[in-house]
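Participant: The structure follows.
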Amino acid sequence: MPPSSTFFTASPHWNWLIICYFFVGGLAGGCYFLAVLIDFFGRASDRPLARLGYYVAFPAVVLSGLLLTVDLYRPERFWHMLIQSHTFRPMLKLYSPMSLGSWALLAFGGFAMLSFLASLAEEGRLRQPWLVRFRPPGLLGGLLAVMGGVFALFVAAYTGVLLAVTNRPIWSDTPLLGLNFVLSAASTSAALLILLASRQYRTPGLAVLERFDRLVLILEPIALIALIVSLGSVARVWLSVWGVALLIGVVVVGILMPLALLWRATDPTMPSTATAALLVLIGGFVFRAVIVLSSSTIRAI
Amino acid sequence: MAQPMGFFTDTTVCIGCKACEVACKEWNQLPAAGGGITALSGDSYDNTRRLDGLHWRHVRFVEQFAPDRVDGRWLLMSDVCKHCVNAGCLEVCPTGAIIRTEFDTVVIQSDTCNGCRDCIAACPFGVIGINPVSNTAQKCTLCYDRLQNGLEPACSKACPTDSINFGPVADLKTLAAKRVGTLHERGEKRAYLYGADDKMLGGLNAFFLLVDRPEVYGLPPDPKMPSRNLVRGGIWTTLGAVVVGLLGLFSFRERGSG
């Protein structure tokens with residue numbers, strides 16, 4: 001007797017492309033969100049760090065769109081997500097996370113592009129100084145940053161709800177995937193910025209990012225335990241190679257080891273901080289891989 | 001709108017001839033899987049294995065025999081899309097490819113589907129699959145083209161024992177209730193209807209008469225709508241986003257004022 005009616009469903013075969021999308025999309029949203037925070041609350045000397053966030057976010061959101069498109073069995077029809085192919089009217093279902101997510105990705109892409117261009121202009125790489133207005137502290141830049149930040153968080157988090165709004169084992173047996181995804185997006189994004197900034201942009205904001213990452217890493221195992229408890233008997237699926245991957249790849253490599261390294265690091269530019277950041281990124285990727293594959297590989301009864 | 005049409009499948013008279021599978025494949029021009037090379041499943045006489053984009057009807061063979069094979073029975077069931085009144089696939093489809101027709105059936109428009117597979121994950125019965133010819137999600141249409149021309153679906157037309165009954169859903173429910181009564185009178189007290197009332201996804205327009213637990217036939221005992229997780233999943237996710245936001249504000253604000 002299977003533990004849930006979800007074990008009678010067929011797999012959508014969402015595999016590595018989707019795992020990469022979940023990871024890259026999380027980084028895009030998370031890096032943008034952190035860049036907005038730095039823009040609003042950081043010091044002037046932290047602006048290069050915020051720029052770095054925007055430099056990551058835009059290419060990452062473009063890559064996200066490409067990954068999603070390539071994963072379609074009919075990639076040339078990607079636009080059907082946004083426009084009704086028969087009537088050419090907008091196609092939006094507020095109760096379908098995939099539909100809502102497609103629009104959110106498009107909107108976020110727009111905000112990420114404006115911030116990306118503003119950052120290039122600020123650095124003098126573009127000769128259109130008016131582009132700088134698309135970033136705070138001005139009114140227009142502030143408005144765009146707030147709206148972009150909201151969409152960024154949405155893009156980083158909605159994928160967990162998308163999985164929950166199915167009938168597949170694990171994914172639809174818990175409402176806590178989105179919570180775990182948003183925490184993971186925050187920690188991996190902070191880690192990526194720390195990793196990149198420790199080589200190029202040694203600004204004081206790095207220490208703040210590192211502290212932020214530490215706080216999120218403390219919350220992650222709590223959210224993960226809550227996720228496992230919420231699964232009930234379905235969690236037995238993880239008494240397998242997936243459970244080992246979750247324990248070693250996510251908990252040990254992605255959370256406990258980086259926490260230990262960050263705890264002992266006195267300077268955010270130390271090599272151990274970069275190592276911790278790299279481990280967090282690996283853990284975040286393994287987490288998404290376990291969540292997607294441990295369900296996707298279950299065949300219908 | 002025409003009256004809701006559907007199937008009532010009486011599994012007690014199915015003989016496992018697979019005429020429904022063949023008729024469905026022929027009418028809908030569904031090619032053989034694996035280039036036509038027969039691959040035996042080793043699971044009774046069932047080499048179709050499951051419903052998917054190439055198999056819109058699937059006759060399930062359940063062998064219930066004692067280890068010494070002295071006593072036992074066969075359970076045979078021709079499975080199909082349930083054309084749910086509340087259809088999970090239709091709910092999640094982001095392209096509008098899945099529609100409800102004037103016959104209250106659920107149809108995937110192949111010229112609109114882009115193969116995102118959200119409907120496959122959303123269907124509580126595992127009915128939908130990708131058709132490798134069109135590279136779109138496909139399933140039983142309840143022969144929409146035949147219905148539009150006043151014809152009966154190919155599978156029920158071909159069924160030699162009337163295990164598959166086609167007609168207005170209201171009439172089918174009356175017929176099914178009568179059949180359950182008859183079976184009970186004859187001593188088959190295990191007979192019951194699966195999906196005939198509106199408690200299951202608002203009602204299944206293709207429902208079944210079974211004589212064992214649903215899971216024995218590969219049917220979920222408690223199918224649900226995918227949207228059941230939308231609000232509570234959204235609330236928990238929003239909570240997570242708020243926590244991340246507050247942690248960020250707490251970290252950077254302190255820094256900014258420092």
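A note on labels: chains of the structure tokens are A, B, ... as shown, every chain counts residues from 1, and ligands are counted from 1 in their shown order.
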Excluding Leu230 in chain B and its own-chain neighbours fewer than 2 positions away, which residues fall within 12 Å of it when counting only C-alpha atoms? Please give them as a PyMOL selection string.
Facilitator: (chain A and resi 94-98+158-167+172+174-178) or (chain B and resi 91-92+225-228+232-238)
Participant: Would you give me, as a list of chain:residue names, the residues of chain B that come within 6 Å of chain A, using only C-alpha atoms?
Facilitator: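 In the required form, that comes to B:Val92, B:Pro94, B:Thr95, B:Asn114, B:Gly115, B:Cys116, B:Arg117, B:Ile120, B:Ala121, B:Ala122, B:Pro124, B:Phe125, B:Gly126, B:Asn135, B:Gly218, B:Pro220, B:Asp222, B:Pro226, B:Ser227, B:Asn229, B:Leu230, B:Gly233, B:Trp236, B:Thr237, B:Gly240, B:Phe252, B:Arg253, B:Gly256.
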Participant: I need the residues in range 50-164 of chain B that are strand (DSSP E or B) according to DSSP; give them as a ChimeraX atom specification.
Facilitator: /B:57-65,72-80,84,98-100,106-108,129-131,136-138,164
Participant: Could the residues in this selection be written to a file with N, CA and C atoms, as a CSV table (one decimal), in the first residue's frame?
Facilitator:
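The new file selection.csv reads:
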```csv
chain,number,residue,atom,x,y,z
B,57,ARG,N,-5.9,4.1,-24.2
B,57,ARG,CA,-6.6,3.0,-23.5
B,57,ARG,C,-5.6,2.0,-23.0
B,58,HIS,N,-5.8,1.5,-21.8
B,58,HIS,CA,-4.9,0.5,-21.3
B,58,HIS,C,-5.6,-0.6,-20.6
B,59,VAL,N,-5.6,-1.8,-21.0
B,59,VAL,CA,-6.2,-2.9,-20.3
B,59,VAL,C,-5.3,-3.4,-19.2
B,60,ARG,N,-5.7,-3.3,-18.0
B,60,ARG,CA,-4.9,-3.7,-16.9
B,60,ARG,C,-5.2,-5.2,-16.5
B,61,PHE,N,-4.2,-6.0,-16.3
B,61,PHE,CA,-4.4,-7.4,-16.0
B,61,PHE,C,-4.0,-7.6,-14.5
B,62,VAL,N,-4.9,-8.0,-13.6
B,62,VAL,CA,-4.5,-8.2,-12.2
B,62,VAL,C,-4.7,-9.7,-11.9
B,63,GLU,N,-3.7,-10.4,-11.6
B,63,GLU,CA,-3.8,-11.8,-11.3
B,63,GLU,C,-3.8,-12.0,-9.8
B,64,GLN,N,-5.0,-12.5,-9.2
B,64,GLN,CA,-5.0,-12.7,-7.8
B,64,GLN,C,-5.2,-14.2,-7.6
B,65,PHE,N,-4.0,-14.8,-7.4
B,65,PHE,CA,-4.0,-16.3,-7.2
B,65,PHE,C,-3.3,-16.7,-5.9
B,72,GLY,N,-8.2,-18.6,-7.3
B,72,GLY,CA,-7.8,-17.3,-7.7
B,72,GLY,C,-8.8,-16.7,-8.7
B,73,ARG,N,-8.5,-15.4,-9.1
B,73,ARG,CA,-9.3,-14.8,-10.1
B,73,ARG,C,-8.5,-13.7,-10.9
B,74,TRP,N,-9.0,-13.4,-12.0
B,74,TRP,CA,-8.5,-12.3,-12.8
B,74,TRP,C,-9.3,-11.1,-12.6
B,75,LEU,N,-8.6,-9.9,-12.5
B,75,LEU,CA,-9.3,-8.7,-12.5
B,75,LEU,C,-8.8,-8.0,-13.8
B,76,LEU,N,-9.8,-7.6,-14.6
B,76,LEU,CA,-9.4,-6.9,-15.9
B,76,LEU,C,-10.1,-5.5,-15.9
B,77,MET,N,-9.4,-4.5,-16.3
B,77,MET,CA,-10.0,-3.2,-16.4
B,77,MET,C,-9.4,-2.4,-17.5
B,78,SER,N,-10.2,-1.9,-18.4
B,78,SER,CA,-9.8,-1.0,-19.5
B,78,SER,C,-9.8,0.4,-18.9
B,79,ASP,N,-8.5,0.9,-18.7
B,79,ASP,CA,-8.3,2.2,-18.1
B,79,ASP,C,-8.3,3.3,-19.1
B,80,VAL,N,-8.6,4.5,-18.7
B,80,VAL,CA,-8.7,5.6,-19.7
B,80,VAL,C,-8.7,6.9,-18.9
B,84,CYS,N,-12.2,14.3,-15.6
B,84,CYS,CA,-12.7,14.8,-14.3
B,84,CYS,C,-13.5,16.1,-14.5
B,98,ILE,N,-5.2,22.9,-22.7
B,98,ILE,CA,-6.2,22.0,-22.3
B,98,ILE,C,-7.6,22.7,-22.1
B,99,ILE,N,-8.6,22.2,-22.7
B,99,ILE,CA,-9.9,22.8,-22.7
B,99,ILE,C,-11.0,21.8,-22.3
B,100,ARG,N,-12.1,22.4,-21.8
B,100,ARG,CA,-13.3,21.6,-21.5
B,100,ARG,C,-14.2,21.8,-22.7
B,106,VAL,N,-12.5,16.6,-21.4
B,106,VAL,CA,-11.2,17.4,-21.3
B,106,VAL,C,-10.3,17.0,-22.4
B,107,VAL,N,-9.9,18.0,-23.2
B,107,VAL,CA,-9.2,17.7,-24.4
B,107,VAL,C,-7.9,18.6,-24.5
B,108,ILE,N,-6.8,18.0,-24.9
B,108,ILE,CA,-5.5,18.7,-25.1
B,108,ILE,C,-5.4,19.1,-26.5
B,129,GLY,N,0.8,11.7,-21.2
B,129,GLY,CA,2.2,11.5,-21.5
B,129,GLY,C,2.5,12.2,-22.7
B,130,ILE,N,3.8,12.3,-23.0
B,130,ILE,CA,4.3,13.0,-24.2
B,130,ILE,C,4.2,12.0,-25.4
B,131,ASN,N,3.6,12.5,-26.5
B,131,ASN,CA,3.5,11.7,-27.7
B,131,ASN,C,4.8,12.0,-28.5
B,136,THR,N,4.1,16.6,-28.0
B,136,THR,CA,3.1,17.4,-27.1
B,136,THR,C,2.5,16.4,-26.2
B,137,ALA,N,1.9,16.9,-25.1
B,137,ALA,CA,1.2,16.0,-24.1
B,137,ALA,C,-0.1,15.6,-24.8
B,138,GLN,N,-0.4,14.3,-24.6
B,138,GLN,CA,-1.6,13.8,-25.2
B,138,GLN,C,-2.2,12.7,-24.3
B,164,ILE,N,-17.2,-1.4,-21.7
B,164,ILE,CA,-17.2,0.1,-21.9
B,164,ILE,C,-18.5,0.6,-22.4
```
Participant: Enter the distance from CA of Ile19 in chain A to CA of Val292 in chain A, in Å, rounded to one decimal.
Facilitator: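 It comes out at 6.7 Å.
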Participant: I'd like to know which residues of range 93-223 of chain B are alpha helix (DSSP H) (by DSSP, run on the backbone); could you write them as a PyMOL selection string?
Facilitator: chain B and resi 118-122+144-148+154-158+169-185
Participant: Output C-alpha atoms for every residue in the selection just made, as a short mmCIF file (atom, residue, chain, number, x, y, z; two decimals), in the first residue's frame.
Facilitator:
```
data_model
loop_
_atom_site.label_atom_id
_atom_site.label_comp_id
_atom_site.auth_asym_id
_atom_site.auth_seq_id
_atom_site.Cartn_x
_atom_site.Cartn_y
_atom_site.Cartn_z
CA ASP B 118 2.98 20.41 -15.96
CA CYS B 119 -0.24 18.53 -16.76
CA ILE B 120 1.55 15.18 -16.52
CA ALA B 121 2.65 15.99 -12.98
CA ALA B 122 -0.78 17.38 -12.08
CA TYR B 144 -13.94 14.48 -29.67
CA ASP B 145 -13.94 14.37 -33.45
CA ARG B 146 -16.34 11.43 -33.49
CA LEU B 147 -18.59 13.03 -30.89
CA GLN B 148 -18.81 16.20 -32.98
CA ALA B 154 -13.94 4.04 -31.03
CA CYS B 155 -13.14 2.05 -27.88
CA SER B 156 -16.70 1.62 -26.66
CA LYS B 157 -17.86 0.91 -30.21
CA ALA B 158 -15.30 -1.91 -30.42
CA VAL B 169 -23.17 10.70 -17.81
CA ALA B 170 -26.56 10.89 -16.05
CA ASP B 171 -27.82 7.83 -17.96
CA LEU B 172 -24.56 5.98 -17.31
CA LYS B 173 -24.89 6.59 -13.58
CA THR B 174 -28.39 5.08 -13.59
CA LEU B 175 -27.13 2.09 -15.56
CA ALA B 176 -24.16 1.68 -13.22
CA ALA B 177 -26.26 1.84 -10.06
CA LYS B 178 -28.57 -0.81 -11.49
CA ARG B 179 -25.61 -3.02 -12.37
CA VAL B 180 -24.19 -2.74 -8.84
CA GLY B 181 -27.61 -3.69 -7.46
CA THR B 182 -27.75 -6.72 -9.75
CA LEU B 183 -24.27 -7.86 -8.73
CA HIS B 184 -25.12 -7.47 -5.05
CA GLU B 185 -28.29 -9.54 -5.57
#
```
Participant: Which is closer to Val133 in chain B than all the others in B:Ser251, B:Pro168, B:Val22, B:Ser110, using only C-alpha atoms?
Facilitator: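 The shortest atom-to-atom distance to Val133 in chain B comes from B:Ser110.
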Participant: Could you tell me how far CA of Ala33 in chain B sits from CA of Pro132 in chain B, in Å to one decimal place?
Facilitator: 9.1 Å
Participant: Work out how far CA of Thr38 in chain B is from CA of Cys24 in chain B, in Å to one decimal.
Facilitator: 18.4 Å
Participant: Using only C-alpha atoms, which protein or nucleic acid residues come within 6 Å of range 190-199 of chain B? Drop anything in the same chain fewer than 3 positions from it, and give the result as JSON, numbers by chain.
Facilitator: {"B": [180, 202, 203, 204, 207, 208, 209, 210, 211]}
Participant: Given the selection you just returned, output its residues as a file containing N, CA and C atoms, formatted as a PDB file, in the first residue's frame.
Facilitator:
```pdb
ATOM      1  N   VAL B 180     -24.701  -2.444 -10.186  1.00  0.00           N
ATOM      2  CA  VAL B 180     -24.185  -2.741  -8.842  1.00  0.00           C
ATOM      3  C   VAL B 180     -25.249  -3.485  -8.049  1.00  0.00           C
ATOM      4  N   GLY B 202     -15.143  16.287  -8.029  1.00  0.00           N
ATOM      5  CA  GLY B 202     -16.385  16.808  -8.613  1.00  0.00           C
ATOM      6  C   GLY B 202     -17.120  15.780  -9.441  1.00  0.00           C
ATOM      7  N   GLY B 203     -16.569  14.567  -9.495  1.00  0.00           N
ATOM      8  CA  GLY B 203     -17.145  13.496 -10.316  1.00  0.00           C
ATOM      9  C   GLY B 203     -16.234  13.183 -11.493  1.00  0.00           C
ATOM     10  N   LEU B 204     -16.180  11.886 -11.823  1.00  0.00           N
ATOM     11  CA  LEU B 204     -15.393  11.476 -12.995  1.00  0.00           C
ATOM     12  C   LEU B 204     -16.369  11.165 -14.124  1.00  0.00           C
ATOM     13  N   PHE B 207     -16.145   6.722 -15.249  1.00  0.00           N
ATOM     14  CA  PHE B 207     -16.088   6.068 -13.934  1.00  0.00           C
ATOM     15  C   PHE B 207     -16.169   4.549 -14.094  1.00  0.00           C
ATOM     16  N   PHE B 208     -15.960   3.833 -12.996  1.00  0.00           N
ATOM     17  CA  PHE B 208     -15.716   2.388 -13.081  1.00  0.00           C
ATOM     18  C   PHE B 208     -16.532   1.607 -12.049  1.00  0.00           C
ATOM     19  N   LEU B 209     -16.853   0.387 -12.403  1.00  0.00           N
ATOM     20  CA  LEU B 209     -17.395  -0.553 -11.427  1.00  0.00           C
ATOM     21  C   LEU B 209     -16.239  -1.490 -11.062  1.00  0.00           C
ATOM     22  N   LEU B 210     -15.900  -1.520  -9.778  1.00  0.00           N
ATOM     23  CA  LEU B 210     -14.772  -2.334  -9.315  1.00  0.00           C
ATOM     24  C   LEU B 210     -15.251  -3.366  -8.297  1.00  0.00           C
ATOM     25  N   VAL B 211     -14.426  -4.396  -8.114  1.00  0.00           N
ATOM     26  CA  VAL B 211     -14.753  -5.406  -7.097  1.00  0.00           C
ATOM     27  C   VAL B 211     -13.587  -5.612  -6.132  1.00  0.00           C
TER      28      VAL B 211
END
```
Participant: Could you list, as a PyMOL selection string, every residue within 9 Å of range 285-287 of chain A, counting only C-alpha atoms and ignoring same-chain residues fewer than 5 positions away?
Facilitator: chain A and resi 19-20+22-23+181+184+188+245-246+249-250+254+280+292
Participant: Write to file, as a PDB file, in the first residue's frame, the residues of the selection just made, with C-alpha atoms.
Facilitator:
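Output saved as selection03.pdb:
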```pdb
ATOM      1  CA  ILE A  19      17.335  21.416 -11.638  1.00  0.00           C
ATOM      2  CA  CYS A  20      19.739  23.907 -13.250  1.00  0.00           C
ATOM      3  CA  PHE A  22      15.809  26.090 -10.120  1.00  0.00           C
ATOM      4  CA  PHE A  23      19.410  26.737  -9.080  1.00  0.00           C
ATOM      5  CA  PHE A 181      13.718  27.050  -1.783  1.00  0.00           C
ATOM      6  CA  SER A 184      18.355  28.101  -0.174  1.00  0.00           C
ATOM      7  CA  THR A 188      23.473  30.376  -2.286  1.00  0.00           C
ATOM      8  CA  ALA A 245      22.701  12.744  -0.858  1.00  0.00           C
ATOM      9  CA  LEU A 246      20.481  14.941   1.285  1.00  0.00           C
ATOM     10  CA  GLY A 249      25.491  16.757   0.083  1.00  0.00           C
ATOM     11  CA  VAL A 250      23.077  19.202   1.663  1.00  0.00           C
ATOM     12  CA  GLY A 254      26.128  22.553   2.195  1.00  0.00           C
ATOM     13  CA  VAL A 280      27.047  26.409   0.169  1.00  0.00           C
ATOM     14  CA  VAL A 292      13.518  17.042  -8.235  1.00  0.00           C
TER      15      VAL A 292
END
```
